[in-house]
Each structure stands twice: as C-alpha cells, then as structure tokens.
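Asks: Data file structure.csv (CSV, C-alpha atoms) is appended below.
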```
chain,number,residue,atom,x,y,z
R,299,MET,CA,-58.8,-32.3,-33.4
R,300,TYR,CA,-60.1,-29.1,-32.0
R,301,ASP,CA,-63.0,-27.5,-33.8
R,302,GLU,CA,-63.8,-24.0,-32.7
R,303,ARG,CA,-67.3,-24.3,-34.2
R,304,GLU,CA,-68.2,-26.9,-31.6
R,305,GLN,CA,-66.5,-25.5,-28.6
R,306,SER,CA,-66.6,-22.1,-26.8
R,307,PRO,CA,-63.4,-20.5,-25.6
R,308,GLU,CA,-64.1,-21.7,-22.1
R,309,GLN,CA,-63.9,-25.3,-23.4
R,310,GLY,CA,-61.1,-24.8,-25.9
R,311,PRO,CA,-57.8,-26.6,-25.8
R,312,LEU,CA,-56.0,-23.5,-24.3
R,313,ALA,CA,-58.6,-22.8,-21.6
R,314,GLY,CA,-56.8,-22.2,-18.3
R,315,PHE,CA,-53.5,-21.3,-19.9
R,316,THR,CA,-51.8,-17.9,-20.2
R,317,VAL,CA,-49.7,-17.1,-23.2
R,318,GLY,CA,-47.4,-14.2,-23.7
R,319,VAL,CA,-47.3,-12.4,-27.1
R,320,THR,CA,-44.1,-10.4,-28.0
R,321,ALA,CA,-45.2,-9.5,-31.6
R,322,ALA,CA,-45.4,-5.9,-32.7
R,323,ARG,CA,-46.8,-6.8,-36.2
R,324,ARG,CA,-50.0,-8.9,-36.4
R,325,ALA,CA,-50.2,-9.1,-32.6
R,326,ASP,CA,-54.0,-8.6,-32.7
R,327,GLU,CA,-54.4,-11.5,-35.1
R,328,LEU,CA,-52.3,-13.8,-33.0
R,329,GLY,CA,-54.0,-12.7,-29.8
R,330,ALA,CA,-57.4,-13.4,-31.3
R,331,LEU,CA,-56.4,-16.8,-32.5
R,332,LEU,CA,-55.2,-17.7,-29.0
R,333,GLU,CA,-58.2,-16.2,-27.2
R,334,ARG,CA,-60.6,-18.0,-29.5
R,335,ARG,CA,-59.1,-21.3,-28.3
R,336,GLY,CA,-59.5,-20.3,-24.7
R,337,ALA,CA,-56.2,-18.8,-23.7
R,338,ALA,CA,-55.6,-15.7,-21.6
R,339,VAL,CA,-53.2,-13.4,-23.5
R,340,LEU,CA,-50.5,-11.1,-22.1
R,341,HIS,CA,-49.3,-8.8,-24.9
R,342,ALA,CA,-46.1,-6.9,-24.7
R,343,PRO,CA,-44.6,-5.8,-28.0
R,344,ALA,CA,-40.9,-6.2,-27.6
R,345,LEU,CA,-40.2,-3.9,-30.6
R,346,ARG,CA,-41.7,-1.2,-32.7
R,347,ILE,CA,-41.4,-0.8,-36.4
R,348,VAL,CA,-40.2,2.5,-37.9
R,349,PRO,CA,-42.6,3.6,-40.7
R,350,LEU,CA,-41.0,3.1,-44.1
R,351,SER,CA,-41.5,6.6,-45.3
R,352,ASP,CA,-39.3,7.9,-42.4
R,353,ASP,CA,-36.5,5.4,-43.1
R,354,SER,CA,-33.5,7.2,-44.7
R,355,GLU,CA,-31.7,3.9,-45.2
R,356,LEU,CA,-34.5,2.5,-47.4
R,357,LEU,CA,-34.6,5.8,-49.4
R,358,ALA,CA,-30.9,5.5,-50.0
R,359,ALA,CA,-31.1,1.8,-51.1
R,360,THR,CA,-34.1,2.7,-53.4
R,361,LYS,CA,-32.2,5.5,-55.1
R,362,GLU,CA,-29.2,3.2,-55.5
R,363,ILE,CA,-31.2,0.5,-57.3
R,364,ILE,CA,-32.9,3.0,-59.5
R,365,GLY,CA,-29.6,4.5,-60.4
R,366,ARG,CA,-28.0,1.1,-61.2
R,367,ALA,CA,-30.2,-1.9,-61.7
R,368,PRO,CA,-29.4,-5.2,-60.0
R,369,ASP,CA,-29.3,-8.5,-62.0
R,370,ILE,CA,-31.4,-10.3,-59.4
R,371,ALA,CA,-33.8,-9.1,-56.6
R,372,VAL,CA,-34.8,-11.4,-53.7
R,373,ALA,CA,-38.2,-10.6,-52.1
R,374,THR,CA,-38.7,-12.1,-48.7
R,375,THR,CA,-42.0,-10.8,-47.2
R,376,ALA,CA,-45.2,-9.6,-48.7
R,377,ILE,CA,-45.7,-6.8,-46.3
R,378,GLY,CA,-42.2,-5.6,-46.8
R,379,PHE,CA,-42.4,-5.6,-50.6
R,380,ARG,CA,-45.7,-3.8,-50.6
R,381,GLY,CA,-44.3,-1.3,-48.1
R,382,TRP,CA,-41.3,-0.7,-50.2
R,383,VAL,CA,-43.4,0.2,-53.2
R,384,GLU,CA,-45.7,2.4,-51.2
R,385,ALA,CA,-42.8,4.2,-49.6
R,386,ALA,CA,-41.2,4.7,-53.0
R,387,ASP,CA,-44.5,6.2,-54.2
R,388,GLY,CA,-44.5,8.6,-51.2
R,389,TRP,CA,-41.0,9.8,-52.3
R,390,GLY,CA,-42.2,10.2,-55.9
R,391,LEU,CA,-40.0,7.3,-57.0
R,392,GLY,CA,-42.6,4.6,-57.3
R,393,GLU,CA,-42.8,4.4,-61.1
R,394,ASP,CA,-39.0,4.7,-61.5
R,395,LEU,CA,-38.5,1.7,-59.1
R,396,LEU,CA,-41.1,-0.5,-60.8
R,397,GLU,CA,-39.7,0.3,-64.2
R,398,ARG,CA,-36.2,-0.6,-63.0
R,399,LEU,CA,-37.4,-3.9,-61.4
R,400,ARG,CA,-39.3,-4.9,-64.6
R,401,GLY,CA,-35.9,-5.8,-66.2
R,402,VAL,CA,-34.7,-7.7,-63.1
R,403,ARG,CA,-34.9,-11.5,-62.3
R,404,ILE,CA,-37.1,-11.6,-59.2
R,405,LEU,CA,-37.0,-14.5,-56.7
R,406,ALA,CA,-39.9,-14.7,-54.2
R,407,ARG,CA,-39.6,-16.6,-50.9
R,408,GLY,CA,-43.2,-17.8,-50.9
R,409,PRO,CA,-46.8,-17.4,-52.2
R,410,LYS,CA,-47.7,-14.3,-50.2
R,411,VAL,CA,-44.6,-12.5,-51.6
R,412,LYS,CA,-45.5,-13.7,-55.1
R,413,GLY,CA,-48.9,-12.1,-54.7
R,414,ALA,CA,-47.4,-8.8,-53.6
R,415,ILE,CA,-45.0,-8.8,-56.6
R,416,ARG,CA,-47.8,-9.5,-59.1
R,417,ALA,CA,-50.0,-6.8,-57.4
R,418,ALA,CA,-47.3,-4.3,-58.3
R,419,GLY,CA,-47.4,-5.3,-61.9
R,420,LEU,CA,-44.2,-7.4,-61.8
R,421,THR,CA,-43.6,-11.1,-62.4
R,422,GLU,CA,-41.4,-13.4,-60.3
R,423,GLU,CA,-39.0,-15.8,-62.0
R,424,TRP,CA,-39.1,-18.5,-59.3
R,425,SER,CA,-40.3,-19.3,-55.8
R,426,PRO,CA,-39.4,-22.3,-53.6
R,427,ALA,CA,-42.1,-24.7,-52.5
R,428,SER,CA,-40.5,-24.8,-49.1
R,429,GLU,CA,-40.8,-21.0,-48.5
R,430,SER,CA,-37.2,-21.4,-47.3
R,431,MET,CA,-34.5,-18.8,-47.7
R,432,ALA,CA,-32.0,-21.6,-47.6
R,433,GLU,CA,-33.5,-23.1,-50.8
R,434,VAL,CA,-33.3,-19.6,-52.4
R,435,LEU,CA,-29.6,-19.4,-51.5
R,436,ASP,CA,-28.9,-23.0,-52.8
R,437,ARG,CA,-30.4,-22.1,-56.1
R,438,LEU,CA,-28.5,-18.9,-56.5
R,439,LEU,CA,-25.2,-20.6,-55.6
R,440,GLU,CA,-25.8,-23.5,-57.9
R,441,GLU,CA,-26.4,-21.2,-60.8
R,442,GLY,CA,-23.4,-19.1,-59.9
R,443,VAL,CA,-23.4,-15.5,-58.6
R,444,ASP,CA,-19.9,-14.4,-59.4
R,445,GLY,CA,-20.0,-10.8,-60.8
R,446,LEU,CA,-23.8,-10.4,-60.3
R,447,ARG,CA,-25.4,-7.5,-58.5
R,448,ILE,CA,-28.1,-8.9,-56.2
R,449,ALA,CA,-30.7,-6.8,-54.2
R,450,VAL,CA,-31.9,-8.6,-51.1
R,451,GLN,CA,-35.0,-7.3,-49.3
R,452,LEU,CA,-34.2,-7.5,-45.6
R,453,HIS,CA,-37.1,-7.9,-43.2
R,454,GLY,CA,-35.9,-7.2,-39.7
R,455,GLU,CA,-34.8,-10.7,-39.0
R,456,PRO,CA,-31.2,-12.0,-39.5
R,457,LEU,CA,-30.7,-14.1,-42.6
R,458,PRO,CA,-27.9,-16.4,-41.3
R,459,GLY,CA,-25.1,-16.7,-43.8
R,460,PHE,CA,-27.3,-15.6,-46.7
R,461,VAL,CA,-25.7,-12.3,-47.6
R,462,GLU,CA,-22.2,-13.6,-46.6
R,463,SER,CA,-22.6,-16.6,-48.8
R,464,LEU,CA,-23.6,-14.5,-51.8
R,465,ARG,CA,-20.6,-12.2,-51.3
R,466,ALA,CA,-18.3,-15.2,-50.9
R,467,GLY,CA,-19.6,-16.4,-54.2
R,468,GLY,CA,-18.5,-13.2,-55.9
R,469,ALA,CA,-21.8,-11.3,-55.8
R,470,GLU,CA,-22.2,-7.6,-55.0
R,471,VAL,CA,-25.1,-7.5,-52.5
R,472,VAL,CA,-27.4,-4.5,-52.0
R,473,GLY,CA,-29.5,-4.7,-48.8
R,474,VAL,CA,-32.9,-3.2,-48.9
R,475,PRO,CA,-34.1,-2.6,-45.3
R,476,VAL,CA,-37.8,-2.4,-45.8
R,477,TYR,CA,-38.5,-1.6,-42.1
R,478,ARG,CA,-36.4,-1.1,-39.0
R,479,TRP,CA,-36.9,-2.5,-35.5
R,480,LEU,CA,-36.4,-0.3,-32.5
R,481,PRO,CA,-37.1,-0.8,-28.8
R,482,PRO,CA,-40.7,0.0,-27.8
R,483,GLU,CA,-41.4,3.6,-26.7
R,484,ASP,CA,-43.1,2.2,-23.6
R,485,ILE,CA,-41.0,-0.4,-22.0
R,486,GLY,CA,-43.5,-1.1,-19.2
R,487,PRO,CA,-45.4,-3.9,-20.9
R,488,VAL,CA,-42.1,-5.7,-21.7
R,489,ASP,CA,-41.0,-5.4,-18.1
R,490,ARG,CA,-44.3,-6.8,-16.9
R,491,LEU,CA,-43.9,-9.7,-19.3
R,492,ILE,CA,-40.4,-10.5,-18.1
R,493,ASP,CA,-41.7,-10.4,-14.5
R,494,ALA,CA,-44.5,-12.8,-15.4
R,495,LEU,CA,-42.1,-15.1,-17.1
R,496,VAL,CA,-39.7,-15.1,-14.1
R,497,ALA,CA,-42.6,-15.7,-11.7
R,498,ARG,CA,-43.9,-18.6,-13.9
R,499,THR,CA,-47.4,-17.1,-14.2
R,500,LEU,CA,-47.2,-17.7,-18.0
R,501,ASP,CA,-47.5,-21.1,-19.5
R,502,ALA,CA,-46.0,-20.2,-22.9
R,503,VAL,CA,-44.5,-17.2,-24.7
R,504,THR,CA,-44.6,-16.7,-28.5
R,505,PHE,CA,-42.0,-15.2,-30.7
R,506,THR,CA,-42.7,-14.3,-34.4
R,507,SER,CA,-39.4,-12.5,-35.1
R,508,ALA,CA,-35.8,-12.9,-34.1
R,509,PRO,CA,-35.4,-9.2,-33.2
R,510,ALA,CA,-38.3,-9.5,-30.7
R,511,ALA,CA,-36.6,-12.5,-29.0
R,512,ALA,CA,-33.2,-10.7,-28.9
R,513,SER,CA,-34.9,-7.6,-27.5
R,514,LEU,CA,-36.6,-9.4,-24.7
R,515,LEU,CA,-33.3,-11.1,-23.7
R,516,SER,CA,-31.5,-7.8,-23.8
R,517,ARG,CA,-34.0,-6.1,-21.6
R,518,ALA,CA,-33.9,-8.9,-19.1
R,519,GLU,CA,-30.1,-8.6,-19.0
R,520,GLU,CA,-30.3,-4.8,-18.4
R,521,ARG,CA,-32.5,-5.6,-15.4
R,522,GLY,CA,-30.3,-8.3,-14.1
R,523,LEU,CA,-32.9,-10.9,-14.7
R,524,LEU,CA,-31.4,-12.8,-17.7
R,525,ASP,CA,-30.4,-15.9,-15.7
R,526,ASP,CA,-33.9,-16.1,-14.1
R,527,LEU,CA,-35.6,-15.7,-17.4
R,528,LEU,CA,-33.5,-18.4,-19.1
R,529,ALA,CA,-34.2,-20.7,-16.2
R,530,ALA,CA,-37.9,-20.1,-16.6
R,531,LEU,CA,-37.8,-20.7,-20.4
R,532,GLY,CA,-35.7,-23.8,-19.9
R,533,HIS,CA,-38.0,-25.6,-17.5
R,534,ASP,CA,-41.4,-24.1,-16.8
R,535,VAL,CA,-42.5,-21.7,-19.6
R,536,LEU,CA,-42.8,-23.1,-23.1
R,537,PRO,CA,-41.1,-20.8,-25.7
R,538,ALA,CA,-42.8,-21.2,-29.1
R,539,CYS,CA,-41.3,-19.7,-32.2
R,540,VAL,CA,-42.9,-19.3,-35.6
R,541,GLY,CA,-39.7,-20.7,-37.3
R,542,PRO,CA,-36.0,-21.6,-36.9
R,543,VAL,CA,-34.7,-18.1,-37.8
R,544,THR,CA,-36.9,-16.6,-35.0
R,545,ALA,CA,-35.5,-19.1,-32.6
R,546,LEU,CA,-31.8,-18.3,-33.1
R,547,PRO,CA,-31.3,-15.7,-30.3
R,548,LEU,CA,-32.9,-18.1,-27.8
R,549,GLN,CA,-30.9,-21.1,-29.1
R,550,ALA,CA,-27.7,-19.1,-28.8
R,551,ARG,CA,-28.5,-18.8,-25.0
R,552,GLY,CA,-29.1,-22.6,-24.7
R,553,VAL,CA,-33.0,-22.4,-24.8
R,554,ASP,CA,-34.8,-25.1,-26.6
R,555,THR,CA,-37.9,-24.0,-28.4
R,556,VAL,CA,-40.9,-25.6,-30.2
R,557,GLN,CA,-41.7,-24.6,-33.8
R,558,PRO,CA,-44.5,-25.5,-36.2
R,559,GLU,CA,-43.7,-27.3,-39.5
R,560,ARG,CA,-45.2,-24.4,-41.5
R,561,PHE,CA,-43.9,-21.0,-40.4
R,562,ARG,CA,-47.3,-19.3,-40.0
R,563,LEU,CA,-49.4,-17.9,-37.1
R,564,GLY,CA,-52.2,-20.6,-37.5
R,565,PRO,CA,-49.8,-23.6,-37.2
R,566,LEU,CA,-48.0,-21.8,-34.3
R,567,VAL,CA,-51.3,-21.7,-32.4
R,568,GLN,CA,-52.2,-25.2,-33.4
R,569,LEU,CA,-48.8,-26.3,-32.0
R,570,LEU,CA,-49.6,-24.7,-28.6
R,571,CYS,CA,-53.1,-26.4,-28.6
R,572,ARG,CA,-51.2,-29.7,-28.7
R,573,GLU,CA,-48.2,-28.9,-26.5
R,574,LEU,CA,-49.7,-27.1,-23.5
R,575,PRO,CA,-52.5,-29.6,-22.7
R,576,SER,CA,-49.9,-32.5,-23.0
R,577,ARG,CA,-47.7,-30.7,-20.4
R,578,ALA,CA,-50.6,-30.3,-17.9
R,579,ARG,CA,-50.7,-32.6,-14.8
R,580,THR,CA,-53.7,-34.9,-14.7
R,581,LEU,CA,-54.6,-36.9,-11.6
R,582,PRO,CA,-57.5,-39.2,-10.5
R,583,VAL,CA,-58.7,-37.6,-7.3
R,584,ALA,CA,-61.7,-38.5,-5.2
R,585,GLY,CA,-63.5,-40.1,-8.2
R,586,HIS,CA,-62.8,-37.1,-10.4
R,587,ARG,CA,-60.4,-36.4,-13.2
R,588,VAL,CA,-58.4,-33.3,-12.3
R,589,GLU,CA,-56.2,-31.5,-14.8
R,590,ILE,CA,-54.0,-28.7,-13.4
R,591,ARG,CA,-53.4,-25.9,-16.0
R,592,GLY,CA,-51.8,-22.5,-15.7
R,593,HIS,CA,-54.5,-20.4,-14.0
R,594,ALA,CA,-57.4,-22.9,-13.9
R,595,VAL,CA,-58.2,-26.5,-13.3
R,596,LEU,CA,-60.3,-28.9,-15.3
R,597,VAL,CA,-62.5,-31.0,-13.1
R,598,ASP,CA,-64.1,-33.7,-15.2
R,599,GLY,CA,-63.7,-31.5,-18.2
R,600,GLY,CA,-65.2,-28.4,-16.6
R,601,LEU,CA,-63.1,-25.3,-16.4
R,602,ARG,CA,-62.7,-24.0,-12.8
R,603,PRO,CA,-60.7,-20.7,-12.5
R,604,VAL,CA,-58.6,-20.7,-9.4
R,605,PRO,CA,-56.9,-17.7,-7.6
R,606,PRO,CA,-53.1,-17.5,-7.8
R,607,ALA,CA,-52.7,-18.4,-4.2
R,608,GLY,CA,-54.9,-21.5,-4.7
R,609,MET,CA,-52.9,-22.6,-7.7
R,610,SER,CA,-49.7,-22.4,-5.7
R,611,LEU,CA,-51.2,-24.6,-3.1
R,612,LEU,CA,-52.6,-27.1,-5.6
R,613,ARG,CA,-49.2,-27.4,-7.4
R,614,ALA,CA,-47.5,-28.0,-4.1
R,615,LEU,CA,-50.0,-30.8,-3.3
R,616,SER,CA,-49.8,-32.3,-6.8
R,617,ARG,CA,-46.0,-32.7,-6.5
R,618,LYS,CA,-46.7,-35.3,-3.8
R,619,PRO,CA,-50.1,-36.7,-4.9
R,620,GLY,CA,-51.7,-38.6,-2.1
R,621,TRP,CA,-49.1,-37.6,0.5
R,622,VAL,CA,-49.6,-35.2,3.3
R,623,VAL,CA,-48.0,-31.8,2.8
R,624,SER,CA,-47.4,-29.8,6.0
R,625,ARG,CA,-48.8,-26.4,6.5
R,626,ALA,CA,-45.3,-25.0,6.8
R,627,GLU,CA,-44.4,-26.4,3.4
R,628,LEU,CA,-47.6,-25.0,1.9
R,629,LEU,CA,-46.9,-21.6,3.5
R,630,ARG,CA,-43.6,-21.5,1.7
R,631,ALA,CA,-45.4,-22.2,-1.6
R,632,LEU,CA,-47.6,-19.1,-1.1
R,633,PRO,CA,-46.2,-16.0,-2.7
R,634,GLY,CA,-45.6,-13.3,0.0
R,635,ALA,CA,-47.5,-15.1,2.7
R,636,GLY,CA,-45.1,-14.4,5.5
R,637,ARG,CA,-45.1,-16.6,8.6
R,638,ASP,CA,-48.7,-16.9,9.5
R,639,GLU,CA,-50.0,-20.4,8.7
R,640,HIS,CA,-53.5,-19.0,8.9
R,641,ALA,CA,-52.9,-17.7,5.4
R,642,VAL,CA,-52.7,-21.4,4.3
R,643,GLU,CA,-56.1,-22.1,5.8
R,644,THR,CA,-57.7,-19.0,4.1
R,645,ALA,CA,-56.2,-19.8,0.7
R,646,MET,CA,-57.2,-23.5,1.1
R,647,ALA,CA,-60.8,-22.6,1.8
R,648,ARG,CA,-60.9,-20.4,-1.3
R,649,LEU,CA,-59.2,-23.2,-3.4
R,650,ARG,CA,-61.9,-25.7,-2.3
R,651,THR,CA,-64.6,-23.3,-3.2
R,652,ALA,CA,-63.1,-22.6,-6.6
R,653,LEU,CA,-62.7,-26.3,-7.4
R,654,GLY,CA,-66.4,-26.9,-6.6
R,655,ALA,CA,-65.6,-30.3,-5.1
R,656,PRO,CA,-64.4,-29.9,-1.5
R,657,LYS,CA,-63.5,-33.6,-1.1
R,658,LEU,CA,-60.7,-33.3,-3.6
R,659,ILE,CA,-58.4,-32.0,-0.8
R,660,GLN,CA,-58.4,-33.7,2.6
R,661,THR,CA,-57.4,-32.1,5.9
R,662,VAL,CA,-55.2,-34.3,8.0
R,663,VAL,CA,-55.5,-33.1,11.6
R,664,LYS,CA,-52.4,-31.5,13.0
R,665,ARG,CA,-50.3,-32.6,10.0
R,666,GLY,CA,-51.5,-30.7,6.9
R,667,TYR,CA,-53.4,-31.5,3.7
R,668,ARG,CA,-53.4,-34.1,0.9
R,669,LEU,CA,-54.9,-34.7,-2.5
R,670,ALA,CA,-57.5,-37.5,-2.1
R,671,LEU,CA,-55.8,-39.6,-4.7
R,672,ASP,CA,-57.9,-42.6,-5.8
R,673,PRO,CA,-56.8,-45.8,-4.2
R,674,ALA,CA,-56.1,-47.5,-7.6
R,675,ALA,CA,-53.5,-44.8,-8.4
R,676,ASP,CA,-51.7,-44.9,-5.0
R,677,THR,CA,-49.1,-47.5,-6.0
R,678,LYS,CA,-48.3,-45.8,-9.2
R,679,TYR,CA,-47.8,-42.4,-7.7
R,680,ASP,CA,-46.1,-43.7,-4.5
R,681,ALA,CA,-43.4,-45.2,-6.8
R,682,ALA,CA,-43.1,-42.0,-8.7
R,683,VAL,CA,-42.6,-40.0,-5.5
```
As structure tokens, please, write out the structure in this file.

Replies:
Amino acid sequence: MYDEREQSPEQGPLAGFTVGVTAARRADELGALLERRGAAVLHAPALRIVPLSDDSELLAATKEIIGRAPDIAVATTAIGFRGWVEAADGWGLGEDLLERLRGVRILARGPKVKGAIRAAGLTEEWSPASESMAEVLDRLLEEGVDGLRIAVQLHGEPLPGFVESLRAGGAEVVGVPVYRWLPPEDIGPVDRLIDALVARTLDAVTFTSAPAAASLLSRAEERGLLDDLLAALGHDVLPACVGPVTALPLQARGVDTVQPERFRLGPLVQLLCRELPSRARTLPVAGHRVEIRGHAVLVDGGLRPVPPAGMSLLRALSRKPGWVVSRAELLRALPGAGRDEHAVETAMARLRTALGAPKLIQTVVKRGYRLALDPAADTKYDAAV
C-alpha cells in the first residue's frame, strides 16, 4: 500500500499520469490529494455554485417551512445544511428557522450531516450507517408517509426516484434547494479539458457531482464532440466517479465508470492509485523494466518524463513489442507531423535521451525502429501480436 510518508510525489503511484478534475467545490482538496501522489492535474470546473444568499428559491422554501412546519426534514449534505442556516441568518430568519426545526423529526444522511445539525443546536432522529439516500427512503416508506409533509434538502445532484417515491406514498414534499448549479462563467477551461479528453492526453477524469458530469457532456455536444468524448471515455480515459448518483449521466450515455466503496474524495484518489498503474503497459526491454504511463515512463522504477511526440512514438512501438515499426507508420502516430519522415528521427532522438537508456529502442536500417524486447519475452508477445 502506498505510504506518502515514504515516497515523494515523483515516486508516487500516480507519477506520470494526468488526471482531470471537474469539481467546483473542494477542487483544491482533490487536486492536492492527486498531486501529493504524483499526478499532474488539469482542473476545469464544469459548474459554478450560486451563493445561497442570492438564491430566491431557497428564500421562498425557507419562508414556506417557517410558515408551516414539516413533519420530517431530510438533511443530505453538511455544507448544504450549514449554508442553509447561514443564509437564513443573512435574511434575518435564522432563529425562526431553527425554532421551527426543533419540533421536526430530522433524518441525516451521514455523520458529517449529523455534525452540522448538532452544531446548529438541533438533534437528528436517525442516520443510516450506509450513508445512502436509498436507505433513508426505505425507512420512510416502511414507516409510512401518507399524509406527512416532508422537507428534503436538495444538494445539486439528482435523487433518483426519492421525491417521486415519497409523493407516490402520499407525502407532500417540500424541496429545499440549498445551492444551485450554473455553467461556469469562463467556459475556456472546460473546452480545454474536453479537447484533452478527445486527444487522449488525460489518463483519467474525476467527477464529484452528477451536474458536473451532465454539464461536461452537454458542452461537448454543443461543440459537436460528444461522440469523440464518449469514445475516449469508453476506451482510453478512465472516468472515476465519487459515487453511483454522480455516475448516472455517464451511464445514461453508455459509459462505464469506476467508483470507490466509500463515497469520499480520499477513497476516490485511492481507487485511482490502484486502477491507473494496473492499466499501464509494462514490458521487459533490453534488460530493463519499462512501464509506459500517460506522460512519462518508469525505467526500472525511475520516473522519466517524455515529450508528447516521444510518447506517441513509444506507444506505437509498444503496440508491436519486438517488431519493426516503419518510419511511415511512426510518422502517422506523430500529431501534426506532416509528411517529412525526418520528424520521426528528431522525435526518436529526443525520446531516447528522455528515456536515459538509448538501447531500449533499436534502429533497423532502411526499415524503421523496434523495442529491444528481451529474448525470453519474444514468444509471449509474438503470440499476443
């Protein structure tokens, strides 16, 4: 298991990989966790959050609850619950809201929400060990909700079937939109992220909210790049979601995702620390162990950053390990190289220098280049090819 106390970022499990971050909230925390483990991070917030004090919908819901108390209140996120109370204070309604909620049965989705509830001077009635909204819904429906008025703190992500199921059970549901998601004011970073995904220069992209995933897909569709984006996420770039609700917009488009067992940022990063190295190509070449990562190569465990053109050549050679790859084929692998095969020779020279072991790649006169695959591995990789 990776221990950051024993390894520098250059030696970390994500060294040589590039990860996209779409989060608007807690993006710095997620980026720091990834960088601490060696990853390069491309941040492009796919959404922005409207400040609570500016949200007329929340004000209206707050006044409605103060005017007529619900029987039950469901709190879903700590930041949302705290923000609701702070916004109510800003409107001069804080004490009225808390007084009203003191007589209400409060259900909390998890321990962080419980802490926020208690910090406000309230007490929750129950919280599921699973931190699952599905378990909250099951409990409510088992107890019966017919004729009850239930306030549900919405938190920017869809709650599939939650509100609908309560209403089908006879409940009156009051939604409390604690913050609203809108497209980012500057769309440039999102466009650059989409371009990087389509070009496969990212190894993974993380999603911490369903609206962010939906926003990214929507922007790609506006630009005519949705099919290209879905193809990249389906084969070459690993989409990692913090939980199943976050993954819904991607799954609706046929994209499989990976998710941690616990829906938190730490487990999400730990998942990437396992998944990305396991997807890297490792070959025995010229007496060395060569592991090909996103923007770098590990040679006998040492990280060797490689220019983009060199990585393109190396990937082309690794697809046919031990076999000669012609200059013409390598030229096609170079992005924007044109028709001059001299570009291959220039990029190959830089690649060899970057690897620090020139004998890893052999020149085959008048034919092209090959990875100097160790003889013991020839049979295995010949069969694979």

Asks: For a test of reading the model, state the distance in Å between atom CA of Arg398 of chain R and atom CA of Gly365 of chain R, rounded to one decimal.

Replies: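 Separation of atom CA of Arg398 of chain R and atom CA of Gly365 of chain R: 8.7 Å.
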
Asks: Kindly indicate which residue among R:Ala530, R:Leu612, R:Leu357, R:Val372 lies nearest to Leu391 of chain R, using all atoms listed in the file for the distances.

Replies: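 Closest residue, counting all atoms listed in the file: R:Leu357.
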
Asks: Under the rule of at most 8 Å, produce a per-residue listing of segment 576-637 of chain R near segment 654-663 of chain R: chain, number, name, the closest pair of atoms, and the distance in Å, as JSON lines, using only C-alpha atoms.

Replies:
```
{"residue": "R:Val583", "atom": "CA", "partner": "R:Leu658", "partner_atom": "CA", "distance": 6.0}
{"residue": "R:Ala584", "atom": "CA", "partner": "R:Leu658", "partner_atom": "CA", "distance": 5.5}
{"residue": "R:Arg602", "atom": "CA", "partner": "R:Gly654", "partner_atom": "CA", "distance": 7.8}
{"residue": "R:Val622", "atom": "CA", "partner": "R:Val662", "partner_atom": "CA", "distance": 7.4}
```

Asks: Ranking R:Gly442, R:Gly552, R:Gly318, R:Gly564 by minimum distance to Ala494 of chain R and counting only C-alpha atoms, which one comes first?

Replies: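 Nearest candidate to Ala494 of chain R out of R:Gly442, R:Gly552, R:Gly318, R:Gly564: R:Gly318.
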
Asks: So how far away is atom CA of Glu333 of chain R from atom CA of Gly310 of chain R, in Å?

Replies: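 Result for atom CA of Gly310 of chain R versus atom CA of Glu333 of chain R: 9.2 Å, one decimal.
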
Asks: Applying 7 Å and all atoms listed in the file, which residues near segment 338-350 of chain R remain after dropping the ones on its own chain fewer than 6 positions away? List them as a list in words.

Replies: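 With the cut-off at 7 Å, the set is Phe315, Thr316, Val317, Gly318, Val319, Thr320, Ala321, Ala322, Gly329, Gly381, Ala385, Val476, Tyr477, Arg478, Trp479, Leu480, Pro481, Pro482, Pro487, Val488, Leu491, Ala510, Ser513 and Leu514 of chain R.
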
Asks: Would you kindly return, as a list in words, each protein, DNA or RNA residue with an atom no farther than 12 Å from any atom of Gly541 of chain R, considering all atoms listed in the file and excluding same-chain residues fewer than 2 positions away?

Replies: Glu429, Ser430, Met431, Glu455, Thr504, Phe505, Thr506, Ser507, Ala508, Pro537, Ala538, Cys539, Val543, Thr544, Ala545, Leu546, Leu548, Thr555, Val556, Gln557, Pro558, Glu559, Arg560, Phe561, Arg562, Leu563, Pro565, Leu566 and Leu569 of chain R

Asks: What would the list of residues within 12 Å of (-27.5, -18.1, -46.4) (file frame) look like as a PDB file with C-alpha atoms, in the coordinates of the input, if only C-alpha atoms are what count?

Replies:
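The result, stored in out_36.pdb:
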```
ATOM      1  CA  SER R 430     -37.200 -21.400 -47.300  1.00  0.00           C
ATOM      2  CA  MET R 431     -34.500 -18.800 -47.700  1.00  0.00           C
ATOM      3  CA  ALA R 432     -32.000 -21.600 -47.600  1.00  0.00           C
ATOM      4  CA  GLU R 433     -33.500 -23.100 -50.800  1.00  0.00           C
ATOM      5  CA  VAL R 434     -33.300 -19.600 -52.400  1.00  0.00           C
ATOM      6  CA  LEU R 435     -29.600 -19.400 -51.500  1.00  0.00           C
ATOM      7  CA  ASP R 436     -28.900 -23.000 -52.800  1.00  0.00           C
ATOM      8  CA  ARG R 437     -30.400 -22.100 -56.100  1.00  0.00           C
ATOM      9  CA  LEU R 438     -28.500 -18.900 -56.500  1.00  0.00           C
ATOM     10  CA  LEU R 439     -25.200 -20.600 -55.600  1.00  0.00           C
ATOM     11  CA  VAL R 450     -31.900  -8.600 -51.100  1.00  0.00           C
ATOM     12  CA  PRO R 456     -31.200 -12.000 -39.500  1.00  0.00           C
ATOM     13  CA  LEU R 457     -30.700 -14.100 -42.600  1.00  0.00           C
ATOM     14  CA  PRO R 458     -27.900 -16.400 -41.300  1.00  0.00           C
ATOM     15  CA  GLY R 459     -25.100 -16.700 -43.800  1.00  0.00           C
ATOM     16  CA  PHE R 460     -27.300 -15.600 -46.700  1.00  0.00           C
ATOM     17  CA  VAL R 461     -25.700 -12.300 -47.600  1.00  0.00           C
ATOM     18  CA  GLU R 462     -22.200 -13.600 -46.600  1.00  0.00           C
ATOM     19  CA  SER R 463     -22.600 -16.600 -48.800  1.00  0.00           C
ATOM     20  CA  LEU R 464     -23.600 -14.500 -51.800  1.00  0.00           C
ATOM     21  CA  ARG R 465     -20.600 -12.200 -51.300  1.00  0.00           C
ATOM     22  CA  ALA R 466     -18.300 -15.200 -50.900  1.00  0.00           C
ATOM     23  CA  GLY R 467     -19.600 -16.400 -54.200  1.00  0.00           C
ATOM     24  CA  VAL R 543     -34.700 -18.100 -37.800  1.00  0.00           C
TER      25      VAL R 543
END
```

Asks: What is the atom CA of Ala652 of chain R-atom CA of His593 of chain R distance in Å, reported with one decimal?

Replies: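 Going from atom CA of Ala652 of chain R over to atom CA of His593 of chain R, I get 11.6 Å.
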
Asks: Considering all atoms listed in the file, can you say which of R:Ala373, R:Val540, R:Ala313, R:Leu671 comes closest to His586 of chain R?

Replies: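 Selected residue with least distance to His586 of chain R: R:Leu671.
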
Asks: Using all atoms listed in the file, which residue out of R:Ile364, R:Leu653, R:Ala594, R:Met609 lies closest to Pro633 of chain R?

Replies: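 Using all atoms listed in the file, the shortest distance to Pro633 of chain R belongs to R:Met609.
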
Asks: Pull the neighbourhood of (-31.7, 1.8, -55.1) for me: all residues within 12 Å in file coordinates, counting all atoms listed in the file, as a ChimeraX atom specification.

Replies: /R:354-368,371,382-383,386,391-392,394-396,398-399,447-451,471-476

Asks: Of the residues R:Thr651, R:Ala502, R:Arg668, R:Glu643, which is the one nearest to Cys571 of chain R, using only C-alpha atoms?

Replies: R:Ala502
